[in-house]
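> First, the structure itself, so that you have it in front of you.
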Amino acid sequence: LSVGHELSSSWEGHKTVELFPVHVNILVLSRNGWRATYAVEALESAAERLAASRAVSFSAAALPGSSATDQLSRAALPVPLVNVSARRGHALKIFGRGKHPVAAFDPARDLELNELVLCLDRGVRESALRLLERKGQPHNARRVRLLGDVNARELQRSAANPRAARFHHLVDIPQLPNYARDSVTGGTDRVLDAIDHVAARAMQQLLEELSV
């Protein structure tokens, strides 16, 4: 399925995305919203580098029922995540407020407001698809994709070959550390490195889809 065919049928081959005749809204989804919050910052940076800032907007969400979604308007991001993000030039502030407010994923609302939902890993995507099924929206499953596989090519390859050993390395963003137990600095850096890398690739894939 091509996002370009759905969203940009009047596109005529311009290489500068600032000239797109459409504006695409994309929701980034993770289990508790923490990785998604950083991923939005990484995607916006990638979009800016590719002159696509005016064509694409990103927002973050968490799966409903996650521990961090119970009181989203008051919850704080983990201090190690905030500190490591700040060293990378991304100011993550209060969870649920500020530049990128985070809410629980609501299929009816979010698929009306966004063209795509990009999940941080396959487990999150499977949870989102089950929620779509319960809400009577299975037809929107094609719009729920992976941040690491925007054009769904690796997903299709994995379906054809379930034993594809490298698939999870290509598309799944690892979980953040358990901040109450783990060695957090190195673990957080590794996760954010993965998000930065995948976000840059995701923007390239998105531009390919939009430039059909």
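By convention in this document, the chains of the structure tokens carry letters A, B, ... by their order, each chain's residues are numbered from 1, and ligands are numbered from 1 in the order they are shown.
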Give one line per residue of region 132-154 of chain A that approaches region 98-122 of chain A to at most 9 Å, naming the two atoms of the closest pair and their distance in Å to one decimal, counting only C-alpha atoms; sort by chain then ascending residue number and deliver it as JSON lines.


{"residue": "A:Leu132", "atom": "CA", "partner": "A:Pro107", "partner_atom": "CA", "distance": 6.4}
{"residue": "A:Lys135", "atom": "CA", "partner": "A:Pro107", "partner_atom": "CA", "distance": 7.5}
{"residue": "A:Gln137", "atom": "CA", "partner": "A:Pro107", "partner_atom": "CA", "distance": 7.9}
{"residue": "A:Asn140", "atom": "CA", "partner": "A:Leu111", "partner_atom": "CA", "distance": 7.9}
{"residue": "A:Arg142", "atom": "CA", "partner": "A:Leu116", "partner_atom": "CA", "distance": 8.7}
{"residue": "A:Arg143", "atom": "CA", "partner": "A:Leu116", "partner_atom": "CA", "distance": 5.0}
{"residue": "A:Val144", "atom": "CA", "partner": "A:Val117", "partner_atom": "CA", "distance": 4.7}
{"residue": "A:Arg145", "atom": "CA", "partner": "A:Leu118", "partner_atom": "CA", "distance": 5.0}
{"residue": "A:Leu146", "atom": "CA", "partner": "A:Cys119", "partner_atom": "CA", "distance": 4.6}
{"residue": "A:Leu147", "atom": "CA", "partner": "A:Leu118", "partner_atom": "CA", "distance": 4.9}
{"residue": "A:Gly148", "atom": "CA", "partner": "A:Leu120", "partner_atom": "CA", "distance": 7.4}
{"residue": "A:Asp149", "atom": "CA", "partner": "A:Leu118", "partner_atom": "CA", "distance": 8.7}
{"residue": "A:Val150", "atom": "CA", "partner": "A:Leu118", "partner_atom": "CA", "distance": 7.3}

> Report as a ChimeraX atom specification all protein, DNA and RNA residues lying within 10 Å of Ser127 (chain A), evaluated on only C-alpha atoms, omitting residues in the same chain fewer than 6 positions from it.

/A:31,63-64,119,133

> Find the residues near region 44-61 of chain A: any atom within 6 Å, counting only C-alpha atoms, skip ones fewer than 6 places away on the same chain, and give them as a ChimeraX atom specification.

/A:17-18,23-29,33,36-37,102-105,200

> Quick one: everything within 9 Å of Pro78 (chain A), counting only C-alpha atoms, minus sequence neighbours fewer than 3 positions away in the same chain. Send it as a list in words.

Trp34, Leu81, Val82, Asn83 and Tyr179 of chain A
